[in-house]
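Source file: protein20.tsv. Holds: TSV, C-alpha atoms.
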```
chain	number	residue	atom	x	y	z
A	1018	MET	CA	-16.55	-34.87	32.31
A	1019	ALA	CA	-14.13	-33.09	30.00
A	1020	ASP	CA	-10.65	-34.41	29.65
A	1021	ALA	CA	-7.75	-32.45	31.11
A	1022	GLN	CA	-6.47	-31.22	27.75
A	1023	THR	CA	-9.86	-29.79	26.75
A	1024	THR	CA	-10.29	-28.15	30.16
A	1025	GLU	CA	-6.88	-26.49	29.82
A	1026	GLN	CA	-7.71	-25.26	26.31
A	1027	VAL	CA	-10.99	-23.71	27.51
A	1028	ARG	CA	-9.18	-22.19	30.51
A	1029	GLY	CA	-6.63	-20.68	28.13
A	1030	LEU	CA	-9.31	-19.26	25.86
A	1031	LEU	CA	-11.07	-17.60	28.77
A	1032	LYS	CA	-7.85	-16.19	30.21
A	1033	ALA	CA	-6.87	-14.85	26.78
A	1034	ALA	CA	-10.27	-13.16	26.36
A	1035	LEU	CA	-9.89	-11.56	29.80
A	1036	ALA	CA	-6.35	-10.39	29.09
A	1037	GLU	CA	-7.31	-8.98	25.70
A	1038	ARG	CA	-9.96	-6.85	27.40
A	1039	ARG	CA	-7.75	-6.07	30.42
A	1040	ILE	CA	-10.34	-7.50	32.80
A	1041	ASP	CA	-9.09	-9.03	36.05
A	1042	TYR	CA	-10.92	-11.51	38.25
A	1043	ARG	CA	-12.29	-8.77	40.53
A	1044	GLU	CA	-13.86	-6.95	37.61
A	1045	LEU	CA	-15.20	-10.20	36.15
A	1046	ALA	CA	-16.84	-11.01	39.50
A	1047	SER	CA	-18.42	-7.56	39.50
A	1048	LEU	CA	-19.66	-7.96	35.93
A	1049	LEU	CA	-21.13	-11.38	36.71
A	1050	GLY	CA	-22.86	-9.90	39.77
A	1051	ARG	CA	-24.46	-7.19	37.64
A	1052	MET	CA	-25.87	-9.96	35.47
A	1053	GLY	CA	-27.50	-11.51	38.54
A	1054	THR	CA	-24.91	-14.25	39.01
A	1055	PRO	CA	-22.98	-13.34	42.15
A	1056	PHE	CA	-19.43	-14.61	42.43
A	1057	SER	CA	-16.66	-13.34	44.65
A	1058	GLU	CA	-13.23	-12.62	43.23
A	1059	ALA	CA	-11.94	-15.71	45.06
A	1060	GLN	CA	-14.66	-17.92	43.55
A	1061	VAL	CA	-13.88	-16.67	40.05
A	1062	ALA	CA	-10.16	-17.24	40.57
A	1063	GLU	CA	-10.73	-20.74	41.93
A	1064	ARG	CA	-12.95	-21.75	39.02
A	1065	ILE	CA	-10.69	-20.34	36.33
A	1066	ASP	CA	-7.33	-21.29	37.81
A	1067	HIS	CA	-8.06	-24.65	39.40
A	1068	GLY	CA	-11.61	-25.87	38.91
A	1069	GLU	CA	-13.55	-27.41	36.10
A	1070	ILE	CA	-14.92	-24.73	33.80
A	1071	THR	CA	-18.45	-25.68	32.86
A	1072	GLY	CA	-20.04	-24.60	29.62
A	1073	ALA	CA	-22.50	-22.48	31.58
A	1074	PHE	CA	-19.73	-20.65	33.49
A	1075	PHE	CA	-17.71	-20.14	30.31
A	1076	THR	CA	-20.77	-18.72	28.52
A	1077	LEU	CA	-21.62	-16.41	31.43
A	1078	CYS	CA	-18.07	-15.09	31.53
A	1079	CYS	CA	-18.00	-14.46	27.78
A	1080	GLU	CA	-21.30	-12.61	27.94
A	1081	ALA	CA	-20.16	-10.57	30.96
A	1082	ILE	CA	-16.97	-9.38	29.26
A	1083	GLY	CA	-18.64	-8.61	25.95
A	1084	ALA	CA	-17.26	-11.60	24.09
A	1085	PRO	CA	-20.39	-13.61	23.37
A	1086	ILE	CA	-18.73	-15.31	20.43
A	1087	ILE	CA	-15.34	-16.95	20.74
A	1088	HIS	CA	-14.11	-19.08	17.90
A	1089	LEU	CA	-12.92	-22.39	19.23
A	1090	ASP	CA	-9.96	-23.67	17.27
A	1091	PHE	CA	-8.91	-27.03	18.66
```
Written as structure tokens, how would this file's structure read?
Amino acid sequence: MADAQTTEQVRGLLKAALAERRIDYRELASLLGRMGTPFSEAQVAERIDHGEITGAFFTLCCEAIGAPIIHLDF
């Protein structure tokens, strides 16, 4: 399990990538659904805002928003 600091850093990276592309949680849920991974807006919000962000979820989100490569600078 990731430590809290790492989880917050990953959460921040994902939120920044969404903001940069002006994609909200509703649109992200729609994009994930088009990729065959159905999530509701509420599920996306819960995972990003409060839950643990797995590597798989992070990767799916990055692919869905057209950001397959994010440079991690810890």
Exercise. Given the choices A:Leu1048, A:Leu1077, A:Ala1084, A:Ile1070, which gets closest to Val1027 (chain A) if the distance is worked out from all atoms listed in the file?
Worked result: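 Of all the options, A:Ile1070 lies closest to Val1027 (chain A).
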Exercise. Region 1051-1064 of chain A: which residues within 10 Å, counting all atoms listed in the file, same-chain residues fewer than 2 positions away excluded, as a ChimeraX atom specification?
Worked result: /A:1028,1041-1049,1066-1071,1074,1077-1078,1080-1081
Exercise. A:Gly1029, A:Thr1024, A:Gly1050, A:Leu1035: which is nearest Cys1079 (chain A), counting all atoms listed in the file?
Worked result: A:Leu1035
Exercise. What is the CA of Ile1065 (chain A)-CA of Ile1082 (chain A) distance in Å, reported with one decimal?
Worked result: 14.5 Å
Problem set entry | Point-to-point distance in Å for CA of Ala1021 (chain A) and CA of Ile1040 (chain A) |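 Atom-to-atom, CA of Ile1040 (chain A) and CA of Ala1021 (chain A) are spaced 25.1 Å apart.
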Exercise. Rounded to one decimal in Å, what is the spacing between CA of Arg1039 (chain A) and CA of Thr1023 (chain A)?
Worked result: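 Separation of CA of Arg1039 (chain A) and CA of Thr1023 (chain A): 24.1 Å.
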